[in-house]
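File shown: final_7.cif (mmCIF, C-alpha atoms).
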```cif
data_run
loop_
_atom_site.group_PDB
_atom_site.id
_atom_site.type_symbol
_atom_site.label_atom_id
_atom_site.label_comp_id
_atom_site.auth_asym_id
_atom_site.auth_seq_id
_atom_site.Cartn_x
_atom_site.Cartn_y
_atom_site.Cartn_z
ATOM 1 C CA LYS A 1 -61.127 43.741 -16.325
ATOM 2 C CA VAL A 2 -61.581 45.385 -12.957
ATOM 3 C CA ASP A 3 -60.609 43.273 -10.010
ATOM 4 C CA ARG A 4 -63.467 43.712 -7.621
ATOM 5 C CA TYR A 5 -61.458 42.123 -4.844
ATOM 6 C CA ALA A 6 -58.662 44.670 -5.313
ATOM 7 C CA GLU A 7 -61.175 47.467 -4.884
ATOM 8 C CA GLY A 8 -61.796 46.255 -1.376
ATOM 9 C CA GLY A 9 -64.967 44.296 -2.006
ATOM 10 C CA GLN A 10 -66.560 43.033 1.182
ATOM 11 C CA GLU A 11 -69.893 42.300 2.696
ATOM 12 C CA GLU A 12 -72.018 45.342 3.437
ATOM 13 C CA LYS A 13 -74.710 45.256 6.088
ATOM 14 C CA GLY A 14 -77.688 47.521 6.646
ATOM 15 C CA LYS A 15 -77.084 50.238 9.169
ATOM 16 C CA LYS A 16 -80.403 49.634 10.906
ATOM 17 C CA THR A 17 -81.223 45.986 10.505
ATOM 18 C CA GLY A 18 -77.699 44.574 10.222
ATOM 19 C CA GLU A 19 -78.845 42.294 7.408
ATOM 20 C CA LYS A 20 -76.556 41.441 4.441
ATOM 21 C CA GLN A 21 -77.412 43.757 1.505
ATOM 22 C CA ARG A 22 -74.541 43.118 -0.999
ATOM 23 C CA TYR A 23 -71.131 41.431 -1.287
ATOM 24 C CA PHE A 24 -69.395 44.121 -3.418
ATOM 25 C CA ARG A 25 -69.912 47.817 -3.855
ATOM 26 C CA ASP A 26 -70.865 47.562 -7.524
ATOM 27 C CA ASP A 27 -73.407 44.776 -7.076
ATOM 28 C CA ASP A 28 -76.244 47.214 -7.736
ATOM 29 C CA SER A 29 -74.823 48.219 -11.144
ATOM 30 C CA ARG A 30 -74.308 44.579 -12.397
ATOM 31 C CA SER A 31 -76.952 42.143 -13.449
ATOM 32 C CA LEU A 32 -76.731 38.396 -13.184
ATOM 33 C CA ASP A 33 -76.043 38.082 -16.909
ATOM 34 C CA ASP A 34 -73.096 40.494 -16.541
ATOM 35 C CA LEU A 35 -71.587 38.410 -13.763
ATOM 36 C CA VAL A 36 -71.968 35.138 -15.725
ATOM 37 C CA ALA A 37 -70.361 36.664 -18.844
ATOM 38 C CA GLU A 38 -67.475 38.035 -16.779
ATOM 39 C CA GLU A 39 -66.852 34.637 -15.183
ATOM 40 C CA ARG A 40 -66.839 32.892 -18.574
ATOM 41 C CA ALA A 41 -64.280 35.396 -19.926
ATOM 42 C CA SER A 42 -62.072 34.812 -16.925
ATOM 43 C CA ALA A 43 -62.245 31.026 -17.489
ATOM 44 C CA VAL A 44 -61.294 31.410 -21.158
ATOM 45 C CA GLN A 45 -58.330 33.574 -20.230
ATOM 46 C CA LYS A 46 -57.088 31.042 -17.669
ATOM 47 C CA ARG A 47 -57.515 28.228 -20.195
ATOM 48 C CA GLY A 48 -55.500 30.190 -22.729
ATOM 49 C CA LEU A 49 -52.630 30.535 -20.288
ATOM 50 C CA ALA A 50 -52.731 26.795 -19.529
ATOM 51 C CA ASP A 51 -52.700 25.929 -23.246
ATOM 52 C CA SER A 52 -49.770 28.248 -23.846
ATOM 53 C CA PHE A 53 -47.776 26.651 -21.011
ATOM 54 C CA GLU A 54 -48.603 23.169 -22.324
ATOM 55 C CA ARG A 55 -47.365 24.072 -25.807
ATOM 56 C CA ASN A 56 -44.102 25.410 -24.400
ATOM 57 C CA VAL A 57 -43.533 22.220 -22.453
ATOM 58 C CA VAL A 58 -44.240 19.999 -25.468
ATOM 59 C CA GLN A 59 -42.017 22.045 -27.783
ATOM 60 C CA ASN A 60 -39.076 22.180 -25.357
ATOM 61 C CA SER A 61 -36.628 19.293 -26.108
ATOM 62 C CA ARG A 62 -35.638 19.078 -22.453
ATOM 63 C CA TYR A 63 -39.054 17.632 -21.626
ATOM 64 C CA ARG A 64 -39.838 15.582 -24.716
ATOM 65 C CA THR A 65 -38.313 12.244 -23.691
ATOM 66 C CA HIS A 66 -39.273 12.394 -20.033
ATOM 67 C CA THR A 67 -42.082 10.454 -18.430
ATOM 68 C CA VAL A 68 -43.445 10.787 -14.947
ATOM 69 C CA ASP A 69 -41.202 7.946 -13.804
ATOM 70 C CA ASP A 70 -38.209 9.679 -15.353
ATOM 71 C CA GLU A 71 -38.663 12.545 -12.984
ATOM 72 C CA TYR A 72 -37.798 10.143 -10.171
ATOM 73 C CA ASP A 73 -35.336 7.899 -11.985
ATOM 74 C CA ASN A 74 -33.377 10.477 -13.963
ATOM 75 C CA ASP A 75 -32.823 13.999 -12.822
ATOM 76 C CA GLU A 76 -31.237 15.666 -15.814
ATOM 77 C CA GLY A 77 -29.791 18.551 -13.864
ATOM 78 C CA LEU A 78 -28.286 16.235 -11.296
ATOM 79 C CA GLU A 79 -26.977 13.950 -14.031
ATOM 80 C CA GLN A 80 -25.300 16.844 -15.794
ATOM 81 C CA TYR A 81 -23.696 17.941 -12.544
ATOM 82 C CA GLU A 82 -22.517 14.422 -11.794
ATOM 83 C CA ASP A 83 -21.151 14.009 -15.331
ATOM 84 C CA LYS A 84 -19.131 17.173 -14.989
ATOM 85 C CA GLY A 85 -17.861 16.019 -11.592
ATOM 86 C CA ASN A 86 -16.897 12.611 -12.968
ATOM 87 C CA LYS A 87 -15.109 14.188 -15.905
ATOM 88 C CA ARG A 88 -13.152 16.451 -13.581
ATOM 89 C CA SER A 89 -12.265 13.506 -11.318
ATOM 90 C CA ALA A 90 -11.188 11.380 -14.291
ATOM 91 C CA LYS A 91 -9.069 14.227 -15.608
ATOM 92 C CA VAL A 92 -7.364 14.709 -12.240
ATOM 93 C CA ARG A 93 -6.798 10.959 -11.934
ATOM 94 C CA GLN A 94 -5.312 10.754 -15.424
ATOM 95 C CA GLU A 95 -3.008 13.660 -14.683
ATOM 96 C CA LYS A 96 -1.782 11.999 -11.489
ATOM 97 C CA GLU A 97 -1.170 8.748 -13.350
ATOM 98 C CA ARG A 98 0.729 10.610 -16.057
ATOM 99 C CA GLN A 99 2.881 12.349 -13.456
ATOM 100 C CA ALA A 100 3.568 9.033 -11.682
ATOM 101 C CA ILE A 101 4.676 7.408 -14.944
ATOM 102 C CA ALA A 102 6.871 10.389 -15.810
ATOM 103 C CA ASN A 103 8.470 10.361 -12.350
ATOM 104 C CA GLU A 104 9.116 6.620 -12.603
ATOM 105 C CA GLN A 105 10.701 7.037 -16.027
ATOM 106 C CA ARG A 106 12.956 9.819 -14.729
ATOM 107 C CA LYS A 107 13.943 7.641 -11.767
ATOM 108 C CA ILE A 108 14.794 4.679 -14.007
ATOM 109 C CA ALA A 109 16.760 6.896 -16.415
ATOM 110 C CA SER A 110 18.727 8.359 -13.513
ATOM 111 C CA ILE A 111 19.535 4.882 -12.150
ATOM 112 C CA HIS A 112 20.713 3.703 -15.571
ATOM 113 C CA ASP A 113 22.893 6.781 -16.099
ATOM 114 C CA LYS A 114 24.624 6.244 -12.747
ATOM 115 C CA CYS A 115 24.981 2.459 -13.105
ATOM 116 C CA ASN A 116 28.513 0.997 -13.076
ATOM 117 C CA PHE A 117 27.421 -2.135 -14.958
ATOM 118 C CA CYS A 118 25.353 -0.746 -17.860
ATOM 119 C CA TYR A 119 27.437 -1.153 -20.977
ATOM 120 C CA GLY A 120 28.223 2.140 -22.707
ATOM 121 C CA LYS A 121 27.224 4.404 -19.809
ATOM 122 C CA SER A 122 29.650 7.005 -18.461
ATOM 123 C CA ARG A 123 30.487 5.003 -15.320
ATOM 124 C CA PHE A 124 31.101 1.728 -17.114
ATOM 125 C CA ARG A 125 34.745 0.618 -16.928
ATOM 126 C CA GLN A 126 35.728 -0.238 -20.475
ATOM 127 C CA ASP A 127 39.246 -1.149 -19.316
ATOM 128 C CA LEU A 128 37.851 -4.066 -17.282
ATOM 129 C CA LEU A 129 35.884 -5.555 -20.184
ATOM 130 C CA VAL A 130 37.140 -8.981 -21.286
ATOM 131 C CA ALA A 131 34.476 -10.125 -23.764
ATOM 132 C CA PHE A 132 30.879 -9.360 -24.702
ATOM 133 C CA GLY A 133 28.079 -10.902 -26.735
ATOM 134 C CA HIS A 134 24.684 -9.779 -27.962
ATOM 135 C CA TYR A 135 23.107 -9.588 -24.493
ATOM 136 C CA SER A 136 25.833 -9.961 -21.853
ATOM 137 C CA TYR A 137 29.509 -9.465 -21.131
ATOM 138 C CA LEU A 138 32.468 -10.822 -19.155
ATOM 139 C CA ALA A 139 34.631 -8.422 -17.135
ATOM 140 C CA LEU A 140 37.100 -8.200 -14.284
ATOM 141 C CA PRO A 141 35.750 -7.096 -10.882
ATOM 142 C CA SER A 142 36.259 -3.395 -10.174
ATOM 143 C CA SER A 143 37.350 -3.889 -6.559
ATOM 144 C CA TYR A 144 39.503 -6.967 -5.957
ATOM 145 C CA GLN A 145 39.950 -10.572 -7.022
ATOM 146 C CA LEU A 146 39.443 -13.408 -4.545
ATOM 147 C CA ILE A 147 41.773 -15.547 -6.651
ATOM 148 C CA ASP A 148 43.358 -15.416 -10.095
ATOM 149 C CA GLY A 149 40.706 -15.767 -12.769
ATOM 150 C CA HIS A 150 37.936 -14.225 -10.660
ATOM 151 C CA VAL A 151 35.564 -12.456 -13.120
ATOM 152 C CA ILE A 152 31.973 -11.223 -13.307
ATOM 153 C CA LEU A 153 29.144 -11.881 -15.778
ATOM 154 C CA SER A 154 26.391 -9.328 -16.375
ATOM 155 C CA SER A 155 23.900 -8.067 -18.940
ATOM 156 C CA LEU A 156 24.627 -5.276 -21.395
ATOM 157 C CA GLN A 157 21.291 -3.613 -20.635
ATOM 158 C CA HIS A 158 20.001 -2.910 -17.139
ATOM 159 C CA GLU A 159 18.564 -6.047 -15.525
ATOM 160 C CA THR A 160 17.935 -6.424 -11.793
ATOM 161 C CA SER A 161 18.514 -10.191 -11.528
ATOM 162 C CA SER A 162 19.298 -13.221 -13.667
ATOM 163 C CA LEU A 163 16.021 -14.631 -12.392
ATOM 164 C CA GLU A 164 14.047 -11.922 -14.200
ATOM 165 C CA ALA A 165 16.416 -11.361 -17.126
ATOM 166 C CA SER A 166 15.339 -11.996 -20.698
ATOM 167 C CA GLU A 167 15.767 -15.406 -22.276
ATOM 168 C CA GLY A 168 18.566 -14.033 -24.441
ATOM 169 C CA VAL A 169 20.528 -12.855 -21.392
ATOM 170 C CA TRP A 170 19.905 -16.131 -19.552
ATOM 171 C CA GLU A 171 21.143 -18.328 -22.423
ATOM 172 C CA GLU A 172 24.172 -16.188 -23.232
ATOM 173 C CA VAL A 173 25.297 -16.023 -19.603
ATOM 174 C CA ARG A 174 24.968 -19.795 -19.428
ATOM 175 C CA ASN A 175 27.206 -20.126 -22.476
ATOM 176 C CA PHE A 176 29.788 -17.858 -20.840
ATOM 177 C CA LYS A 177 29.680 -20.151 -17.804
ATOM 178 C CA LYS A 178 30.389 -23.202 -19.959
ATOM 179 C CA CYS A 179 33.395 -21.489 -21.527
ATOM 180 C CA LEU A 180 34.806 -20.555 -18.123
ATOM 181 C CA ILE A 181 34.351 -24.119 -16.857
ATOM 182 C CA ARG A 182 36.163 -25.548 -19.887
ATOM 183 C CA MET A 183 39.061 -23.169 -19.292
ATOM 184 C CA ALA A 184 39.172 -24.051 -15.573
ATOM 185 C CA VAL A 185 39.153 -27.809 -16.212
ATOM 186 C CA GLN A 186 42.299 -27.465 -18.310
ATOM 187 C CA ALA A 187 44.034 -26.085 -15.198
ATOM 188 C CA ASN A 188 42.541 -28.807 -12.922
ATOM 189 C CA LYS A 189 40.069 -26.352 -11.446
ATOM 190 C CA ASP A 190 36.309 -25.838 -11.327
ATOM 191 C CA VAL A 191 34.180 -22.725 -11.028
ATOM 192 C CA VAL A 192 31.859 -21.468 -8.304
ATOM 193 C CA PHE A 193 29.247 -18.946 -9.454
ATOM 194 C CA MET A 194 27.603 -16.568 -6.970
ATOM 195 C CA GLU A 195 24.799 -14.060 -7.351
ATOM 196 C CA MET A 196 23.365 -11.840 -4.649
ATOM 197 C CA VAL A 197 20.307 -9.700 -5.288
ATOM 198 C CA THR A 198 19.363 -7.166 -2.621
ATOM 199 C CA ARG A 199 17.533 -3.859 -2.245
ATOM 200 C CA LYS A 200 15.093 -4.554 -5.050
ATOM 201 C CA ASP A 201 13.643 -1.078 -4.577
ATOM 202 C CA LYS A 202 16.989 0.411 -5.697
ATOM 203 C CA MET A 203 16.879 -1.515 -8.989
ATOM 204 C CA ARG A 204 20.548 -2.456 -8.877
ATOM 205 C CA HIS A 205 22.119 -4.034 -11.933
ATOM 206 C CA PHE A 206 22.742 -7.739 -11.326
ATOM 207 C CA TYR A 207 26.041 -9.519 -11.828
ATOM 208 C CA ILE A 208 27.273 -13.071 -11.257
ATOM 209 C CA GLU A 209 30.722 -13.688 -9.844
ATOM 210 C CA ALA A 210 32.720 -16.575 -11.296
ATOM 211 C CA VAL A 211 35.533 -17.875 -9.055
ATOM 212 C CA PRO A 212 37.783 -20.692 -10.384
ATOM 213 C CA MET A 213 39.011 -22.894 -7.515
ATOM 214 C CA PRO A 214 41.480 -25.773 -7.249
ATOM 215 C CA LYS A 215 39.707 -29.132 -7.073
ATOM 216 C CA LYS A 216 40.496 -29.752 -3.400
ATOM 217 C CA TYR A 217 38.789 -26.503 -2.421
ATOM 218 C CA PHE A 218 35.971 -26.778 -4.936
ATOM 219 C CA ASP A 219 34.888 -30.157 -3.527
ATOM 220 C CA MET A 220 34.522 -28.607 -0.068
ATOM 221 C CA ALA A 221 32.451 -25.656 -1.268
ATOM 222 C CA PRO A 222 28.955 -27.287 -1.068
ATOM 223 C CA ILE A 223 29.516 -28.285 2.587
ATOM 224 C CA PHE A 224 30.769 -24.824 3.600
ATOM 225 C CA PHE A 225 28.004 -22.938 1.817
ATOM 226 C CA LYS A 226 25.191 -25.127 3.115
ATOM 227 C CA LYS A 227 26.412 -24.749 6.707
ATOM 228 C CA ALA A 228 26.728 -20.983 6.312
ATOM 229 C CA LEU A 229 23.248 -20.653 4.797
ATOM 230 C CA LEU A 230 21.683 -22.691 7.604
ATOM 231 C CA GLU A 231 23.276 -20.360 10.155
ATOM 232 C CA CYS A 232 22.425 -17.104 8.363
ATOM 233 C CA GLU A 233 19.628 -14.787 9.462
ATOM 234 C CA PRO A 234 19.412 -16.058 13.067
ATOM 235 C CA GLY A 235 16.326 -13.901 13.681
ATOM 236 C CA ASP A 236 14.308 -16.019 11.246
ATOM 237 C CA ALA A 237 13.434 -18.681 13.826
ATOM 238 C CA PHE A 238 10.360 -19.945 11.987
ATOM 239 C CA ALA A 239 12.165 -20.945 8.785
ATOM 240 C CA ASP A 240 13.040 -24.626 8.595
ATOM 241 C CA ASP A 241 16.190 -25.967 6.927
ATOM 242 C CA GLU A 242 14.481 -26.700 3.621
ATOM 243 C CA LYS A 243 13.203 -23.137 3.345
ATOM 244 C CA LYS A 244 16.516 -21.578 4.352
ATOM 245 C CA VAL A 245 18.505 -23.703 1.906
ATOM 246 C CA ILE A 246 16.825 -24.398 -1.432
ATOM 247 C CA ASP A 247 18.561 -27.127 -3.397
ATOM 248 C CA THR A 248 18.736 -26.066 -7.065
ATOM 249 C CA ARG A 249 20.822 -28.988 -8.320
ATOM 250 C CA GLY A 250 19.190 -30.536 -11.364
ATOM 251 C CA LYS A 251 16.437 -27.868 -11.330
ATOM 252 C CA ASP A 252 15.590 -24.717 -13.217
ATOM 253 C CA PHE A 253 16.717 -22.035 -10.800
ATOM 254 C CA ARG A 254 14.157 -19.597 -12.185
ATOM 255 C CA ARG A 255 11.385 -21.708 -10.660
ATOM 256 C CA CYS A 256 13.015 -22.066 -7.249
ATOM 257 C CA ILE A 257 12.832 -18.460 -6.012
ATOM 258 C CA PRO A 258 9.783 -16.140 -6.158
ATOM 259 C CA LYS A 259 10.203 -13.182 -8.481
ATOM 260 C CA HIS A 260 10.806 -9.723 -7.029
ATOM 261 C CA PHE A 261 12.410 -11.325 -3.973
ATOM 262 C CA PRO A 262 15.996 -10.712 -2.730
ATOM 263 C CA TYR A 263 18.119 -13.848 -2.764
ATOM 264 C CA PHE A 264 21.567 -15.405 -2.723
ATOM 265 C CA HIS A 265 22.427 -18.214 -5.124
ATOM 266 C CA VAL A 266 25.631 -20.250 -5.339
ATOM 267 C CA GLU A 267 26.174 -22.684 -8.189
ATOM 268 C CA PHE A 268 28.889 -25.332 -8.378
ATOM 269 C CA GLY A 269 29.708 -25.563 -12.068
ATOM 270 C CA ILE A 270 26.478 -25.575 -14.076
ATOM 271 C CA ARG A 271 24.945 -28.468 -12.187
ATOM 272 C CA GLY A 272 23.137 -26.207 -9.735
ATOM 273 C CA GLY A 273 23.740 -25.492 -6.063
ATOM 274 C CA PHE A 274 21.974 -23.747 -3.177
ATOM 275 C CA ALA A 275 19.707 -20.724 -3.008
ATOM 276 C CA HIS A 276 18.412 -18.701 -0.099
ATOM 277 C CA ALA A 277 15.523 -16.224 -0.116
ATOM 278 C CA ILE A 278 16.653 -13.280 2.010
ATOM 279 C CA ASN A 279 13.984 -12.269 4.522
ATOM 280 C CA ASN A 280 15.905 -9.544 6.343
ATOM 281 C CA GLU A 281 18.739 -7.854 4.484
ATOM 282 C CA ARG A 282 20.079 -6.310 7.684
ATOM 283 C CA ASP A 283 20.856 -9.781 9.036
ATOM 284 C CA PHE A 284 22.385 -10.988 5.772
ATOM 285 C CA PRO A 285 25.901 -9.589 5.114
ATOM 286 C CA SER A 286 26.553 -8.142 1.673
ATOM 287 C CA THR A 287 29.902 -9.980 1.622
ATOM 288 C CA PHE A 288 28.357 -13.353 2.480
ATOM 289 C CA GLY A 289 29.715 -15.255 -0.526
ATOM 290 C CA HIS A 290 33.171 -13.747 -0.217
ATOM 291 C CA ASP A 291 33.317 -14.588 3.478
ATOM 292 C CA VAL A 292 32.553 -18.252 2.791
ATOM 293 C CA LEU A 293 35.076 -18.533 -0.056
ATOM 294 C CA GLU A 294 37.791 -16.861 1.977
ATOM 295 C CA GLY A 295 37.218 -19.467 4.674
ATOM 296 C CA ILE A 296 37.499 -22.269 2.134
ATOM 297 C CA LEU A 297 40.614 -20.817 0.494
ATOM 298 C CA GLU A 298 42.108 -20.119 3.935
ATOM 299 C CA ARG A 299 42.829 -16.565 2.942
ATOM 300 C CA LEU A 300 42.551 -13.496 5.106
ATOM 301 C CA PRO A 301 40.736 -10.398 3.821
ATOM 302 C CA GLU A 302 43.958 -8.361 3.808
ATOM 303 C CA GLU A 303 45.618 -10.980 1.603
ATOM 304 C CA ILE A 304 43.192 -10.263 -1.226
ATOM 305 C CA GLY A 305 42.956 -6.508 -0.683
ATOM 306 C CA ARG A 306 39.666 -6.543 1.262
ATOM 307 C CA ALA A 307 40.935 -5.363 4.641
#
```
Could you express the structure from this file as structure tokens?
Amino acid sequence: KVDRYAEGGQEEKGKKTGEKQRYFRDDDSRSLDDLVAEERASAVQKRGLADSFERNVVQNSRYRTHTVDDEYDNDEGLEQYEDKGNKRSAKVRQEKERQAIANEQRKIASIHDKCNFCYGKSRFRQDLLVAFGHYSYLALPSSYQLIDGHVILSSLQHETSSLEASEGVWEEVRNFKKCLIRMAVQANKDVVFMEMVTRKDKMRHFYIEAVPMPKKYFDMAPIFFKKALLECEPGDAFADDEKKVIDTRGKDFRRCIPKHFPYFHVEFGIRGGFAHAINNERDFPSTFGHDVLEGILERLPEEIGRA
């Protein structure tokens, strides 16, 4: 087919009259029937192209399930892009979580390997071990003794506090306490138990100190400890006496102090005692319990090797 427009078809006017004579140069060589037939052929050709495009659209699976509304509600290309982005983000997030878990495991393993109280580790002092059970053990302190018979109780495995220890550790330590009390009673003594948990972020292995004391000193211990606890942490001006000194006598100590919180707990025998939730470790001396007992026993630090 010859494109008459491409050949520069335009209106032609008479040179003399200026009237319109033809629209295209070949108008004289074409009849009306020729023009009608040509137009019909052009229409059929255009329709054929439209039908071909329609068949391609119908046969393509990308378009089969889409409606007009889907074009607005679901953009497949955008969805595919977003899916890929979400998958990449999820993969990165999972990798970060995996790395965090691995780092935490390495940190815990390092702490356990360097712990002085984990039974069987390289730094554990086997020569100080007195007795052990299924979950806990009894040993001499590694530094000094406040008085003859001063020992420590701790768990075989790494535990950060008796408050959060397993039920097996809790019960076995309690049985050790009963044995120590029975031994002390035979010598007209009683036992003060002290536990101090600090720097929870360092995951330090907990231990309880057991100090057998003559009766005359033991009876004074509750008064001395309560006074000392009321005067501790002077910067905590908003804490009342009941909050600073928690009476654990006749109570389950594990319900007296919030978990994951540093604390000091002194127990007179197994009847309970006083607890204090430490708000500021800088204002609470690490030797608090020893300082109070030394005052009760009327002993100077240098007398017990703690100069």
Practice item. Figure out the distance between CA of Pro262 in chain A and CA of Lys178 in chain A, please, to one decimal in Å. Key: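 Those two atoms sit 25.7 Å apart.
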Review point. Which residue, A:Lys189, A:Lys107, A:Arg249, A:Arg123, has the smallest gap to Ile147 in chain A when you use all atoms listed in the file?
Key: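 Of A:Lys189, A:Lys107, A:Arg249, A:Arg123, the one nearest Ile147 in chain A is A:Lys189, counting all atoms listed in the file.
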Practice item. Kindly indicate which residue among A:Lys114, A:Arg93, A:Cys179, A:Ile296 lies nearest to Lys216 in chain A, using all atoms listed in the file for the distances. Key: A:Ile296
Check your understanding: Exactly which residues make up the result of the PyMOL selection byres ((chain A and resi 277) around 12) on this file, given as a ChimeraX atom specification?
Key -> /A:195-198,229-230,232-233,236,239,242-247,256-265,274-276,278-281,284
Name the residues captured by the PyMOL selection byres ((chain A and resi 127-131) around 10) when it is applied to the shown file; answer as a PDB file with C-alpha atoms, keeping the file's coordinate frame.
```
ATOM      1  CA  TYR A 119      27.437  -1.153 -20.977  1.00  0.00           C
ATOM      2  CA  PHE A 124      31.101   1.728 -17.114  1.00  0.00           C
ATOM      3  CA  ARG A 125      34.745   0.618 -16.928  1.00  0.00           C
ATOM      4  CA  GLN A 126      35.728  -0.238 -20.475  1.00  0.00           C
ATOM      5  CA  PHE A 132      30.879  -9.360 -24.702  1.00  0.00           C
ATOM      6  CA  GLY A 133      28.079 -10.902 -26.735  1.00  0.00           C
ATOM      7  CA  SER A 136      25.833  -9.961 -21.853  1.00  0.00           C
ATOM      8  CA  TYR A 137      29.509  -9.465 -21.131  1.00  0.00           C
ATOM      9  CA  LEU A 138      32.468 -10.822 -19.155  1.00  0.00           C
ATOM     10  CA  ALA A 139      34.631  -8.422 -17.135  1.00  0.00           C
ATOM     11  CA  LEU A 140      37.100  -8.200 -14.284  1.00  0.00           C
ATOM     12  CA  PRO A 141      35.750  -7.096 -10.882  1.00  0.00           C
ATOM     13  CA  SER A 142      36.259  -3.395 -10.174  1.00  0.00           C
ATOM     14  CA  VAL A 151      35.564 -12.456 -13.120  1.00  0.00           C
ATOM     15  CA  ILE A 152      31.973 -11.223 -13.307  1.00  0.00           C
ATOM     16  CA  LEU A 153      29.144 -11.881 -15.778  1.00  0.00           C
ATOM     17  CA  PHE A 176      29.788 -17.858 -20.840  1.00  0.00           C
TER      18      PHE A 176
END
```
Check your understanding: What do you get, as a PyMOL selection string, if you spell out every residue that the PyMOL selection byres ((chain A and resi 154-167) around 8) selects here?
Key -> chain A and resi 112+117-119+134-138+152-153+168-171+173+197+200+203-208+253-254+259
Exercise for review: Could you jot down the CA of Gly272 in chain A to CA of Gly295 in chain A separation for me, Å, one decimal place?
Suggested key: 21.2 Å
Box centre and edge lengths (Å, one decimal), axis-aligned, range 222-228 of chain A plus 8 Å each side, as AutoDock Vina command-line options:
```
--center_x 28.0 --center_y -24.6 --center_z 2.8 --size_x 21.6 --size_y 23.3 --size_z 23.8
```
Review point. Do you have the CA of Ala100 in chain A-CA of Arg88 in chain A distance handy?
Key: 18.4 Å
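Take the candidates A:Glu38, A:Gly149, A:Gly289, A:Asn103 and check each one against Phe225 in chain A using only C-alpha atoms; the shortest distance goes to A:Gly289.
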**Study point:** Among the residues A:Arg106, A:Met220, A:Ile270, A:Asp148, the one that comes closest to Asn175 in chain A [using all atoms listed in the file]
**Key:**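 For Asn175 in chain A, the nearest of the given residues is A:Ile270.
In terms of minimum interatomic distance to Met213 in chain A, A:His150 ranks closest within A:Lys121, A:Arg282, A:His290, A:His150, counting all atoms listed in the file.
Shortest separation to Asp219 in chain A among A:Ile101, A:Val192, A:Ala184, A:Val92 occurs at residue A:Val192, atoms counted being all atoms listed in the file.
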Atoms added to range 136-140 of chain A (all heavy atoms), reported as a JSON list (two decimals), in the frame of the given file:
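Now in selection_10.json:
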```json
[["chain", "number", "residue", "atom", "x", "y", "z"],
["A", 136, "SER", "N", 25.09, -9.95, -23.11],
["A", 136, "SER", "CA", 25.83, -9.96, -21.85],
["A", 136, "SER", "C", 27.32, -9.77, -22.09],
["A", 136, "SER", "O", 27.77, -9.74, -23.25],
["A", 136, "SER", "CB", 25.58, -11.28, -21.11],
["A", 136, "SER", "OG", 26.01, -12.37, -21.92],
["A", 137, "TYR", "N", 28.06, -9.65, -21.01],
["A", 137, "TYR", "CA", 29.51, -9.46, -21.13],
["A", 137, "TYR", "C", 30.25, -10.13, -19.98],
["A", 137, "TYR", "O", 29.65, -10.48, -18.93],
["A", 137, "TYR", "CB", 29.85, -7.97, -21.21],
["A", 137, "TYR", "CG", 29.53, -7.19, -19.96],
["A", 137, "TYR", "CD1", 30.42, -7.11, -18.88],
["A", 137, "TYR", "CD2", 28.33, -6.47, -19.86],
["A", 137, "TYR", "CE1", 30.12, -6.39, -17.75],
["A", 137, "TYR", "CE2", 28.02, -5.74, -18.73],
["A", 137, "TYR", "CZ", 28.93, -5.70, -17.67],
["A", 137, "TYR", "OH", 28.63, -4.98, -16.54],
["A", 138, "LEU", "N", 31.55, -10.25, -20.15],
["A", 138, "LEU", "CA", 32.47, -10.82, -19.16],
["A", 138, "LEU", "C", 33.49, -9.74, -18.82],
["A", 138, "LEU", "O", 34.06, -9.11, -19.73],
["A", 138, "LEU", "CB", 33.16, -12.06, -19.74],
["A", 138, "LEU", "CG", 34.21, -12.77, -18.88],
["A", 138, "LEU", "CD1", 33.54, -13.50, -17.72],
["A", 138, "LEU", "CD2", 35.02, -13.75, -19.71],
["A", 139, "ALA", "N", 33.71, -9.49, -17.53],
["A", 139, "ALA", "CA", 34.63, -8.42, -17.14],
["A", 139, "ALA", "C", 35.34, -8.78, -15.84],
["A", 139, "ALA", "O", 34.93, -9.70, -15.11],
["A", 139, "ALA", "CB", 33.87, -7.11, -16.96],
["A", 140, "LEU", "N", 36.40, -8.05, -15.55],
["A", 140, "LEU", "CA", 37.10, -8.20, -14.28],
["A", 140, "LEU", "C", 36.35, -7.42, -13.21],
["A", 140, "LEU", "O", 35.72, -6.39, -13.51],
["A", 140, "LEU", "CB", 38.53, -7.66, -14.40],
["A", 140, "LEU", "CG", 39.45, -8.38, -15.40],
["A", 140, "LEU", "CD1", 40.77, -7.61, -15.53],
["A", 140, "LEU", "CD2", 39.70, -9.80, -14.97]]
```
